[in-house]
$ cat input-v3.pdb   # PDB, C-alpha atoms
ATOM      1  CA  MET A   1     -43.173 -58.902  51.571  1.00  0.00           C
ATOM      2  CA  PHE A   2     -41.476 -60.100  48.392  1.00  0.00           C
ATOM      3  CA  GLU A   3     -39.196 -57.061  48.437  1.00  0.00           C
ATOM      4  CA  PHE A   4     -38.262 -57.796  52.004  1.00  0.00           C
ATOM      5  CA  ILE A   5     -37.244 -61.361  51.092  1.00  0.00           C
ATOM      6  CA  ILE A   6     -34.987 -60.076  48.296  1.00  0.00           C
ATOM      7  CA  PHE A   7     -33.462 -57.514  50.631  1.00  0.00           C
ATOM      8  CA  GLY A   8     -32.849 -60.129  53.339  1.00  0.00           C
ATOM      9  CA  THR A   9     -31.298 -62.565  50.859  1.00  0.00           C
ATOM     10  CA  LEU A  10     -28.946 -59.894  49.513  1.00  0.00           C
ATOM     11  CA  VAL A  11     -27.839 -58.931  53.017  1.00  0.00           C
ATOM     12  CA  ILE A  12     -27.229 -62.560  54.009  1.00  0.00           C
ATOM     13  CA  VAL A  13     -25.427 -63.401  50.752  1.00  0.00           C
ATOM     14  CA  GLY A  14     -23.415 -60.201  51.062  1.00  0.00           C
ATOM     15  CA  TYR A  15     -22.431 -61.000  54.615  1.00  0.00           C
ATOM     16  CA  THR A  16     -21.499 -64.678  54.165  1.00  0.00           C
ATOM     17  CA  VAL A  17     -19.776 -64.437  50.769  1.00  0.00           C
ATOM     18  CA  GLY A  18     -18.333 -60.993  51.446  1.00  0.00           C
ATOM     19  CA  SER A  19     -16.734 -61.834  54.774  1.00  0.00           C
ATOM     20  CA  ARG A  20     -15.326 -65.100  53.442  1.00  0.00           C
ATOM     21  CA  ARG A  21     -13.796 -63.281  50.487  1.00  0.00           C
ATOM     22  CA  GLU A  22     -12.392 -60.645  52.810  1.00  0.00           C
ATOM     23  CA  ALA A  23     -10.732 -63.240  55.021  1.00  0.00           C
ATOM     24  CA  ALA A  24      -9.235 -64.992  51.977  1.00  0.00           C
ATOM     25  CA  HIS A  25      -7.986 -61.690  50.608  1.00  0.00           C
ATOM     26  CA  TYR A  26      -6.309 -60.757  53.901  1.00  0.00           C
ATOM     27  CA  LYS A  27      -4.595 -64.132  53.972  1.00  0.00           C
ATOM     28  CA  SER A  28      -3.255 -63.696  50.451  1.00  0.00           C
ATOM     29  CA  ILE A  29      -2.147 -60.106  51.192  1.00  0.00           C
ATOM     30  CA  GLU A  30      -0.192 -61.180  54.249  1.00  0.00           C
ATOM     31  CA  GLU A  31       1.515 -63.970  52.335  1.00  0.00           C
ATOM     32  CA  ARG A  32       2.574 -61.721  49.468  1.00  0.00           C
ATOM     33  CA  GLU A  33       3.687 -58.980  51.854  1.00  0.00           C
ATOM     34  CA  LYS A  34       6.074 -61.443  53.455  1.00  0.00           C
ATOM     35  CA  GLN A  35       7.489 -62.416  50.040  1.00  0.00           C
ATOM     36  CA  LEU A  36       8.069 -58.794  49.032  1.00  0.00           C
ATOM     37  CA  LEU A  37       9.363 -57.583  52.385  1.00  0.00           C
ATOM     38  CA  TYR A  38      12.922 -57.323  51.028  1.00  0.00           C
ATOM     39  CA  LEU A  39      11.882 -54.580  48.580  1.00  0.00           C
ATOM     40  CA  PRO A  40      11.559 -51.289  50.489  1.00  0.00           C
ATOM     41  CA  VAL A  41       8.999 -48.682  49.496  1.00  0.00           C
ATOM     42  CA  ARG A  42       9.464 -45.221  50.962  1.00  0.00           C
ATOM     43  CA  ALA A  43       7.813 -41.818  50.596  1.00  0.00           C
ATOM     44  CA  ASN A  44      10.944 -39.669  50.729  1.00  0.00           C
ATOM     45  CA  LYS A  45      13.209 -39.066  47.754  1.00  0.00           C
ATOM     46  CA  ALA A  46      16.774 -39.320  49.009  1.00  0.00           C
ATOM     47  CA  ILE A  47      18.932 -41.526  46.797  1.00  0.00           C
ATOM     48  CA  TYR A  48      21.561 -43.630  48.494  1.00  0.00           C
ATOM     49  CA  HIS A  49      22.851 -45.798  45.654  1.00  0.00           C
ATOM     50  CA  GLN A  50      25.548 -44.679  43.242  1.00  0.00           C
ATOM     51  CA  ALA A  51      24.997 -45.794  39.653  1.00  0.00           C
ATOM     52  CA  GLN A  52      21.364 -46.469  38.765  1.00  0.00           C
ATOM     53  CA  GLN A  53      18.377 -46.350  36.477  1.00  0.00           C
ATOM     54  CA  THR A  54      14.931 -45.079  37.405  1.00  0.00           C
ATOM     55  CA  GLN A  55      11.457 -45.943  36.181  1.00  0.00           C
ATOM     56  CA  LEU A  56       8.009 -44.560  37.009  1.00  0.00           C
ATOM     57  CA  MET A  57       5.821 -47.338  38.456  1.00  0.00           C
ATOM     58  CA  MET A  58       2.049 -47.230  38.868  1.00  0.00           C
ATOM     59  CA  ALA A  59      -0.549 -49.640  40.191  1.00  0.00           C
ATOM     60  CA  SER A  60      -4.212 -49.374  41.007  1.00  0.00           C
ATOM     61  CA  VAL A  61      -7.185 -51.335  42.264  1.00  0.00           C
ATOM     62  CA  VAL A  62     -10.920 -50.614  42.222  1.00  0.00           C
ATOM     63  CA  VAL A  63     -12.857 -52.326  44.999  1.00  0.00           C
ATOM     64  CA  ALA A  64     -16.579 -52.643  45.649  1.00  0.00           C
ATOM     65  CA  ASN A  65     -18.494 -52.927  48.897  1.00  0.00           C
ATOM     66  CA  ASP A  66     -20.582 -56.015  49.499  1.00  0.00           C
ATOM     67  CA  TYR A  67     -24.293 -55.501  50.115  1.00  0.00           C
ATOM     68  CA  PHE A  68     -24.056 -56.095  53.856  1.00  0.00           C
ATOM     69  CA  LYS A  69     -21.404 -53.389  54.216  1.00  0.00           C
ATOM     70  CA  THR A  70     -23.484 -50.943  52.205  1.00  0.00           C
ATOM     71  CA  VAL A  71     -26.508 -51.508  54.445  1.00  0.00           C
ATOM     72  CA  ALA A  72     -24.436 -51.482  57.621  1.00  0.00           C
ATOM     73  CA  THR A  73     -22.847 -48.199  56.567  1.00  0.00           C
ATOM     74  CA  SER A  74     -26.139 -46.471  55.886  1.00  0.00           C
ATOM     75  CA  VAL A  75     -27.440 -47.604  59.290  1.00  0.00           C
ATOM     76  CA  LYS A  76     -24.236 -46.540  61.034  1.00  0.00           C
ATOM     77  CA  SER A  77     -24.111 -43.163  59.333  1.00  0.00           C
ATOM     78  CA  PHE A  78     -27.477 -42.335  60.901  1.00  0.00           C
ATOM     79  CA  PHE A  79     -25.968 -42.604  64.384  1.00  0.00           C
ATOM     80  CA  GLY A  80     -22.479 -41.436  63.478  1.00  0.00           C
ATOM     81  CA  GLY A  81     -19.211 -42.873  64.677  1.00  0.00           C
ATOM     82  CA  GLN A  82     -16.546 -45.160  63.351  1.00  0.00           C
ATOM     83  CA  ILE A  83     -17.460 -47.442  60.438  1.00  0.00           C
ATOM     84  CA  ARG A  84     -15.128 -50.407  60.731  1.00  0.00           C
ATOM     85  CA  SER A  85     -16.378 -52.326  57.703  1.00  0.00           C
ATOM     86  CA  GLN A  86     -15.372 -49.454  55.417  1.00  0.00           C
ATOM     87  CA  GLU A  87     -11.974 -49.129  57.066  1.00  0.00           C
ATOM     88  CA  SER A  88     -11.085 -52.733  56.353  1.00  0.00           C
ATOM     89  CA  LEU A  89     -12.159 -52.336  52.720  1.00  0.00           C
ATOM     90  CA  LEU A  90      -9.862 -49.342  52.188  1.00  0.00           C
ATOM     91  CA  ASP A  91      -7.041 -50.995  54.114  1.00  0.00           C
ATOM     92  CA  ARG A  92      -7.247 -54.055  51.868  1.00  0.00           C
ATOM     93  CA  ALA A  93      -7.353 -51.935  48.725  1.00  0.00           C
ATOM     94  CA  ARG A  94      -4.310 -49.857  49.737  1.00  0.00           C
ATOM     95  CA  ARG A  95      -2.266 -52.898  50.647  1.00  0.00           C
ATOM     96  CA  GLU A  96      -3.290 -54.697  47.455  1.00  0.00           C
ATOM     97  CA  ALA A  97      -2.319 -51.693  45.291  1.00  0.00           C
ATOM     98  CA  THR A  98       1.028 -51.367  47.078  1.00  0.00           C
ATOM     99  CA  LEU A  99       1.674 -55.075  46.534  1.00  0.00           C
ATOM    100  CA  ARG A 100       0.941 -54.729  42.817  1.00  0.00           C
ATOM    101  CA  LEU A 101       3.374 -51.834  42.619  1.00  0.00           C
ATOM    102  CA  LYS A 102       6.052 -53.860  44.392  1.00  0.00           C
ATOM    103  CA  GLN A 103       5.392 -56.834  42.128  1.00  0.00           C
ATOM    104  CA  LYS A 104       5.877 -54.653  39.020  1.00  0.00           C
ATOM    105  CA  ALA A 105       9.041 -53.181  40.524  1.00  0.00           C
ATOM    106  CA  ARG A 106      10.373 -56.655  41.247  1.00  0.00           C
ATOM    107  CA  VAL A 107       9.773 -57.805  37.655  1.00  0.00           C
ATOM    108  CA  TRP A 108      11.659 -54.732  36.412  1.00  0.00           C
ATOM    109  CA  GLY A 109      14.541 -55.569  38.760  1.00  0.00           C
ATOM    110  CA  ALA A 110      14.253 -52.736  41.273  1.00  0.00           C
ATOM    111  CA  VAL A 111      16.150 -52.560  44.569  1.00  0.00           C
ATOM    112  CA  GLU A 112      13.654 -50.090  46.037  1.00  0.00           C
ATOM    113  CA  VAL A 113      10.772 -47.728  45.258  1.00  0.00           C
ATOM    114  CA  ILE A 114      11.096 -44.092  46.372  1.00  0.00           C
ATOM    115  CA  GLY A 115       8.931 -40.967  46.144  1.00  0.00           C
ATOM    116  CA  PHE A 116       5.907 -43.158  46.854  1.00  0.00           C
ATOM    117  CA  ARG A 117       2.449 -41.511  46.675  1.00  0.00           C
ATOM    118  CA  MET A 118      -1.145 -42.693  47.182  1.00  0.00           C
ATOM    119  CA  ASP A 119      -4.314 -41.330  45.631  1.00  0.00           C
ATOM    120  CA  THR A 120      -7.965 -42.185  46.311  1.00  0.00           C
ATOM    121  CA  CYS A 121     -10.855 -41.665  43.911  1.00  0.00           C
ATOM    122  CA  MET A 122     -14.568 -42.381  44.329  1.00  0.00           C
ATOM    123  CA  ILE A 123     -16.315 -44.015  41.395  1.00  0.00           C
ATOM    124  CA  GLU A 124     -19.947 -43.254  41.892  1.00  0.00           C
ATOM    125  CA  ASN A 125     -22.300 -46.196  42.527  1.00  0.00           C
ATOM    126  CA  ALA A 126     -19.521 -48.660  41.838  1.00  0.00           C
ATOM    127  CA  GLY A 127     -16.607 -48.491  44.233  1.00  0.00           C
ATOM    128  CA  VAL A 128     -13.474 -46.704  45.203  1.00  0.00           C
ATOM    129  CA  GLU A 129     -10.181 -46.619  43.377  1.00  0.00           C
ATOM    130  CA  ILE A 130      -6.818 -46.663  45.104  1.00  0.00           C
ATOM    131  CA  PHE A 131      -3.953 -45.581  42.897  1.00  0.00           C
ATOM    132  CA  VAL A 132      -0.320 -45.724  44.003  1.00  0.00           C
ATOM    133  CA  TYR A 133       2.828 -44.618  42.225  1.00  0.00           C
ATOM    134  CA  GLY A 134       6.505 -44.083  42.792  1.00  0.00           C
ATOM    135  CA  THR A 135       9.932 -44.230  41.208  1.00  0.00           C
ATOM    136  CA  ALA A 136      11.646 -47.604  41.085  1.00  0.00           C
ATOM    137  CA  ILE A 137      15.415 -47.599  41.462  1.00  0.00           C
ATOM    138  CA  LYS A 138      17.660 -50.144  39.803  1.00  0.00           C
ATOM    139  CA  ASN A 139      21.304 -50.428  40.741  1.00  0.00           C
ATOM    140  CA  ASP A 140      23.324 -51.251  37.600  1.00  0.00           C
ATOM    141  CA  SER A 141      26.513 -51.710  39.544  1.00  0.00           C
ATOM    142  CA  LEU A 142      25.088 -54.820  41.194  1.00  0.00           C
TER     143      LEU A 142
ATOM    144  CA  MET B   1      11.196 -39.785  27.515  1.00  0.00           C
ATOM    145  CA  THR B   2      12.122 -40.268  31.167  1.00  0.00           C
ATOM    146  CA  LEU B   3       9.351 -39.944  33.727  1.00  0.00           C
ATOM    147  CA  THR B   4      10.069 -39.796  37.432  1.00  0.00           C
ATOM    148  CA  THR B   5       8.481 -38.666  40.686  1.00  0.00           C
ATOM    149  CA  LEU B   6      11.911 -37.432  41.812  1.00  0.00           C
ATOM    150  CA  GLU B   7      13.409 -33.984  41.296  1.00  0.00           C
ATOM    151  CA  LEU B   8      16.346 -35.331  39.347  1.00  0.00           C
ATOM    152  CA  VAL B   9      17.437 -38.197  37.159  1.00  0.00           C
ATOM    153  CA  PRO B  10      20.433 -40.005  38.639  1.00  0.00           C
ATOM    154  CA  GLY B  11      23.577 -39.642  36.551  1.00  0.00           C
ATOM    155  CA  HIS B  12      22.142 -36.767  34.537  1.00  0.00           C
ATOM    156  CA  LYS B  13      22.220 -32.984  34.769  1.00  0.00           C
ATOM    157  CA  ILE B  14      19.359 -30.643  33.894  1.00  0.00           C
ATOM    158  CA  VAL B  15      20.349 -28.352  31.032  1.00  0.00           C
ATOM    159  CA  GLU B  16      17.048 -26.674  30.194  1.00  0.00           C
ATOM    160  CA  HIS B  17      13.787 -26.041  32.020  1.00  0.00           C
ATOM    161  CA  PHE B  18      10.386 -25.694  30.322  1.00  0.00           C
ATOM    162  CA  GLY B  19       7.998 -25.227  33.248  1.00  0.00           C
ATOM    163  CA  VAL B  20       4.933 -27.160  34.340  1.00  0.00           C
ATOM    164  CA  ILE B  21       3.117 -29.323  31.821  1.00  0.00           C
ATOM    165  CA  SER B  22      -0.007 -31.440  32.212  1.00  0.00           C
ATOM    166  CA  GLY B  23      -2.219 -33.934  30.489  1.00  0.00           C
ATOM    167  CA  SER B  24      -5.742 -34.996  31.324  1.00  0.00           C
ATOM    168  CA  THR B  25      -8.628 -37.115  30.136  1.00  0.00           C
ATOM    169  CA  VAL B  26     -12.270 -37.427  31.158  1.00  0.00           C
ATOM    170  CA  ARG B  27     -13.825 -40.867  30.935  1.00  0.00           C
ATOM    171  CA  ALA B  28     -17.360 -42.099  31.416  1.00  0.00           C
ATOM    172  CA  LYS B  29     -18.458 -45.458  32.782  1.00  0.00           C
ATOM    173  CA  HIS B  30     -19.286 -48.317  30.465  1.00  0.00           C
ATOM    174  CA  ILE B  31     -22.766 -49.898  30.613  1.00  0.00           C
ATOM    175  CA  GLY B  32     -21.470 -53.464  30.295  1.00  0.00           C
ATOM    176  CA  LYS B  33     -18.889 -52.928  32.981  1.00  0.00           C
ATOM    177  CA  ASP B  34     -21.511 -51.274  35.125  1.00  0.00           C
ATOM    178  CA  PHE B  35     -23.748 -54.319  34.955  1.00  0.00           C
ATOM    179  CA  LEU B  36     -21.002 -56.543  36.324  1.00  0.00           C
ATOM    180  CA  ALA B  37     -20.218 -53.911  38.939  1.00  0.00           C
ATOM    181  CA  GLY B  38     -23.821 -54.204  40.171  1.00  0.00           C
ATOM    182  CA  PHE B  39     -23.248 -57.885  40.827  1.00  0.00           C
ATOM    183  CA  LYS B  40     -19.931 -57.221  42.558  1.00  0.00           C
ATOM    184  CA  ASN B  41     -21.690 -54.711  44.783  1.00  0.00           C
ATOM    185  CA  ILE B  42     -23.546 -57.661  46.361  1.00  0.00           C
ATOM    186  CA  ILE B  43     -20.621 -59.943  47.124  1.00  0.00           C
ATOM    187  CA  GLY B  44     -17.857 -57.346  47.251  1.00  0.00           C
ATOM    188  CA  GLY B  45     -14.398 -57.585  45.706  1.00  0.00           C
ATOM    189  CA  GLU B  46     -12.368 -56.067  42.952  1.00  0.00           C
ATOM    190  CA  LEU B  47     -13.993 -54.449  39.918  1.00  0.00           C
ATOM    191  CA  THR B  48     -11.437 -55.568  37.330  1.00  0.00           C
ATOM    192  CA  GLY B  49     -13.214 -53.755  34.496  1.00  0.00           C
ATOM    193  CA  TYR B  50     -12.911 -50.467  36.306  1.00  0.00           C
ATOM    194  CA  THR B  51      -9.294 -51.095  37.261  1.00  0.00           C
ATOM    195  CA  GLU B  52      -8.516 -51.532  33.554  1.00  0.00           C
ATOM    196  CA  LEU B  53     -10.576 -48.481  32.613  1.00  0.00           C
ATOM    197  CA  MET B  54      -8.688 -46.274  35.063  1.00  0.00           C
ATOM    198  CA  GLU B  55      -5.370 -47.663  33.889  1.00  0.00           C
ATOM    199  CA  GLU B  56      -6.255 -46.856  30.274  1.00  0.00           C
ATOM    200  CA  SER B  57      -7.314 -43.329  31.187  1.00  0.00           C
ATOM    201  CA  ARG B  58      -4.128 -42.764  33.135  1.00  0.00           C
ATOM    202  CA  ASN B  59      -1.986 -43.974  30.249  1.00  0.00           C
ATOM    203  CA  GLN B  60      -3.802 -41.555  27.972  1.00  0.00           C
ATOM    204  CA  ALA B  61      -3.255 -38.648  30.375  1.00  0.00           C
ATOM    205  CA  ILE B  62       0.450 -39.541  30.514  1.00  0.00           C
ATOM    206  CA  GLN B  63       0.602 -39.740  26.721  1.00  0.00           C
ATOM    207  CA  ARG B  64      -0.896 -36.252  26.418  1.00  0.00           C
ATOM    208  CA  MET B  65       1.546 -34.918  28.986  1.00  0.00           C
ATOM    209  CA  LYS B  66       4.431 -36.518  27.058  1.00  0.00           C
ATOM    210  CA  ASP B  67       3.219 -34.992  23.772  1.00  0.00           C
ATOM    211  CA  GLN B  68       3.230 -31.568  25.379  1.00  0.00           C
ATOM    212  CA  ALA B  69       6.737 -32.131  26.723  1.00  0.00           C
ATOM    213  CA  LEU B  70       8.014 -33.302  23.333  1.00  0.00           C
ATOM    214  CA  GLN B  71       6.562 -30.231  21.665  1.00  0.00           C
ATOM    215  CA  LYS B  72       8.628 -28.045  23.966  1.00  0.00           C
ATOM    216  CA  GLY B  73      11.745 -30.008  23.240  1.00  0.00           C
ATOM    217  CA  ALA B  74      11.994 -31.761  26.600  1.00  0.00           C
ATOM    218  CA  ASN B  75      13.323 -35.280  27.057  1.00  0.00           C
ATOM    219  CA  ALA B  76      12.302 -35.842  30.681  1.00  0.00           C
ATOM    220  CA  ILE B  77       9.449 -35.039  33.059  1.00  0.00           C
ATOM    221  CA  LEU B  78      10.375 -34.619  36.716  1.00  0.00           C
ATOM    222  CA  GLY B  79       8.227 -34.603  39.839  1.00  0.00           C
ATOM    223  CA  VAL B  80       5.299 -36.371  38.169  1.00  0.00           C
ATOM    224  CA  ARG B  81       2.046 -36.210  40.163  1.00  0.00           C
ATOM    225  CA  PHE B  82      -1.433 -37.566  39.554  1.00  0.00           C
ATOM    226  CA  ALA B  83      -4.845 -36.292  40.597  1.00  0.00           C
ATOM    227  CA  THR B  84      -8.320 -37.716  40.072  1.00  0.00           C
ATOM    228  CA  SER B  85     -11.702 -36.079  40.465  1.00  0.00           C
ATOM    229  CA  ASP B  86     -15.272 -37.015  39.658  1.00  0.00           C
ATOM    230  CA  ILE B  87     -16.611 -34.033  37.772  1.00  0.00           C
ATOM    231  CA  ALA B  88     -20.041 -35.419  36.838  1.00  0.00           C
ATOM    232  CA  PRO B  89     -22.093 -38.481  37.810  1.00  0.00           C
ATOM    233  CA  GLY B  90     -20.454 -41.462  36.154  1.00  0.00           C
ATOM    234  CA  ALA B  91     -17.518 -39.526  34.747  1.00  0.00           C
ATOM    235  CA  ALA B  92     -14.049 -39.141  36.192  1.00  0.00           C
ATOM    236  CA  GLU B  93     -11.144 -36.940  35.260  1.00  0.00           C
ATOM    237  CA  VAL B  94      -7.641 -38.308  35.416  1.00  0.00           C
ATOM    238  CA  PHE B  95      -4.942 -35.682  35.483  1.00  0.00           C
ATOM    239  CA  ALA B  96      -1.151 -35.929  35.352  1.00  0.00           C
ATOM    240  CA  TYR B  97       1.327 -33.092  35.730  1.00  0.00           C
ATOM    241  CA  GLY B  98       5.029 -32.515  36.102  1.00  0.00           C
ATOM    242  CA  THR B  99       7.983 -30.346  35.154  1.00  0.00           C
ATOM    243  CA  ALA B 100       9.394 -30.673  31.633  1.00  0.00           C
ATOM    244  CA  VAL B 101      13.171 -30.482  31.361  1.00  0.00           C
ATOM    245  CA  ARG B 102      15.973 -31.424  29.033  1.00  0.00           C
ATOM    246  CA  ILE B 103      18.613 -33.597  30.631  1.00  0.00           C
ATOM    247  CA  GLU B 104      22.075 -34.698  29.562  1.00  0.00           C
ATOM    248  CA  LYS B 105      24.185 -37.554  30.788  1.00  0.00           C
ATOM    249  CA  ASN B 106      26.975 -36.595  33.153  1.00  0.00           C
ATOM    250  CA  VAL B 107      30.426 -37.214  31.719  1.00  0.00           C
TER     251      VAL B 107
END
$ encode --input "input-v3.pdb" --output "structure tokens"
Amino acid sequence: MFEFIIFGTLVIVGYTVGSRREAAHYKSIEEREKQLLYLPVRANKAIYHQAQQTQLMMASVVVANDYFKTVATSVKSFFGGQIRSQESLLDRARREATLRLKQKARVWGAVEVIGFRMDTCMIENAGVEIFVYGTAIKNDSL
Amino acid sequence: MTLTTLELVPGHKIVEHFGVISGSTVRAKHIGKDFLAGFKNIIGGELTGYTELMEESRNQAIQRMKDQALQKGANAILGVRFATSDIAPGAAEVFAYGTAVRIEKNV
């Protein structure tokens, strides 16, 4: 009985706090994405500018599931199918990492980031890491 | 030492090629950081301790790759790539690789 109360509390706390934090995070991501929209990030490597400097840029974020998502996932994985709560977690993490990369590139004075790559790594019993990297291009002639 | 994910360095020409080089490091989790992670696993969110840990490991892997390049007499690493794998419970390998070359400024 006591165990059940703890379990229920964790699920409720996970759901209420977790979903509020997720909503706040999405809001902040969208705001920052708008601010950094002028700085293009692309996966190809063609260089269009004439005189320039380059710099390797990296950014990463490790995110954890909330308790509700963990429970929901284990229930869902019994039946199979799409697990939306996990998708939103990874989406947030990827966008956050990309934003951090862009922020670093902006501080350095980049006009764009090219050769962009993404990497995902599981950290057991803790969370998942999203790591992004690319080459920032600075145009000295500007 | 110039590092880039591109196949060239703008304004420079490649004068010597030294082949593929790599650097890696294997790191284990930290108990203190793990305790906080347990709490974060209830409410969700970023695990800042782990973000820092991975950043440190990656910097070390890059440093090792650079050392190898320097030993060969290179001054740039082109086409840098990263890979990560969990090789044992609680331990992750961070791996960086690229092509070591010597470049000279175009005149």
$ closest_atom_pairs --input "input-v3.pdb" --of "chain A" --to "chain B" --cutoff "6 Å" --atoms "all atoms listed in the file" --output "JSON lines"
{"residue": "A:Gly14", "atom": "CA", "partner": "B:Ile43", "partner_atom": "CA", "distance": 4.8}
{"residue": "A:Val17", "atom": "CA", "partner": "B:Ile43", "partner_atom": "CA", "distance": 5.8}
{"residue": "A:Gly18", "atom": "CA", "partner": "B:Ile43", "partner_atom": "CA", "distance": 5.0}
{"residue": "A:Leu56", "atom": "CA", "partner": "B:Thr4", "partner_atom": "CA", "distance": 5.2}
{"residue": "A:Val61", "atom": "CA", "partner": "B:Thr51", "partner_atom": "CA", "distance": 5.4}
{"residue": "A:Val62", "atom": "CA", "partner": "B:Thr51", "partner_atom": "CA", "distance": 5.2}
{"residue": "A:Val63", "atom": "CA", "partner": "B:Glu46", "partner_atom": "CA", "distance": 4.3}
{"residue": "A:Ala64", "atom": "CA", "partner": "B:Gly44", "partner_atom": "CA", "distance": 5.1}
{"residue": "A:Asn65", "atom": "CA", "partner": "B:Gly44", "partner_atom": "CA", "distance": 4.8}
{"residue": "A:Asp66", "atom": "CA", "partner": "B:Gly44", "partner_atom": "CA", "distance": 3.8}
{"residue": "A:Tyr67", "atom": "CA", "partner": "B:Ile42", "partner_atom": "CA", "distance": 4.4}
{"residue": "A:Gly115", "atom": "CA", "partner": "B:Thr5", "partner_atom": "CA", "distance": 5.9}
{"residue": "A:Thr135", "atom": "CA", "partner": "B:Thr5", "partner_atom": "CA", "distance": 5.8}
$ write_last_selection --input "input-v3.pdb" --atoms "C-alpha atoms" --output "PDB file, in the frame of the given file"
ATOM      1  CA  GLY A  14     -23.415 -60.201  51.062  1.00  0.00           C
ATOM      2  CA  VAL A  17     -19.776 -64.437  50.769  1.00  0.00           C
ATOM      3  CA  GLY A  18     -18.333 -60.993  51.446  1.00  0.00           C
ATOM      4  CA  LEU A  56       8.009 -44.560  37.009  1.00  0.00           C
ATOM      5  CA  VAL A  61      -7.185 -51.335  42.264  1.00  0.00           C
ATOM      6  CA  VAL A  62     -10.920 -50.614  42.222  1.00  0.00           C
ATOM      7  CA  VAL A  63     -12.857 -52.326  44.999  1.00  0.00           C
ATOM      8  CA  ALA A  64     -16.579 -52.643  45.649  1.00  0.00           C
ATOM      9  CA  ASN A  65     -18.494 -52.927  48.897  1.00  0.00           C
ATOM     10  CA  ASP A  66     -20.582 -56.015  49.499  1.00  0.00           C
ATOM     11  CA  TYR A  67     -24.293 -55.501  50.115  1.00  0.00           C
ATOM     12  CA  GLY A 115       8.931 -40.967  46.144  1.00  0.00           C
ATOM     13  CA  THR A 135       9.932 -44.230  41.208  1.00  0.00           C
TER      14      THR A 135
END
$ closest_residue --input "input-v3.pdb" --among "A:Ile12, A:Met57, A:Ile47, A:Leu89" --to "Trp108 (chain A)" --atoms "all atoms listed in the file"
A:Met57
$ atom_distance --input "input-v3.pdb" --atom1 "CA of Ala96 (chain B)" --atom2 "CA of Arg95 (chain A)"
22.9 Å
$ atom_distance --input "input-v3.pdb" --atom1 "CA of Ala105 (chain A)" --atom2 "CA of Thr54 (chain A)"
10.5 Å
$ atom_distance --input "input-v3.pdb" --atom1 "CA of Arg32 (chain A)" --atom2 "CA of Arg106 (chain A)"
12.4 Å
$ resolve_selection --input "input-v3.pdb" --expression "the PyMOL selection byres ((chain A and resi 111) around 12)" --output "MDAnalysis selection string"
chainID A and resid 36:42 47:49 52:55 102:110 112:114 135:142
$ residues_around --input "input-v3.pdb" --residues "Glu16 (chain B)" --least-positions-apart "4" --cutoff "9 Å" --atoms "all atoms listed in the file" --output "count of residues only"
5
$ residues_around --input "input-v3.pdb" --residues "Ala72 (chain A)" --least-positions-apart "4" --cutoff "9 Å" --atoms "all atoms listed in the file" --output "number ranges by chain"
A: 67-68, 76-77, 83, 85
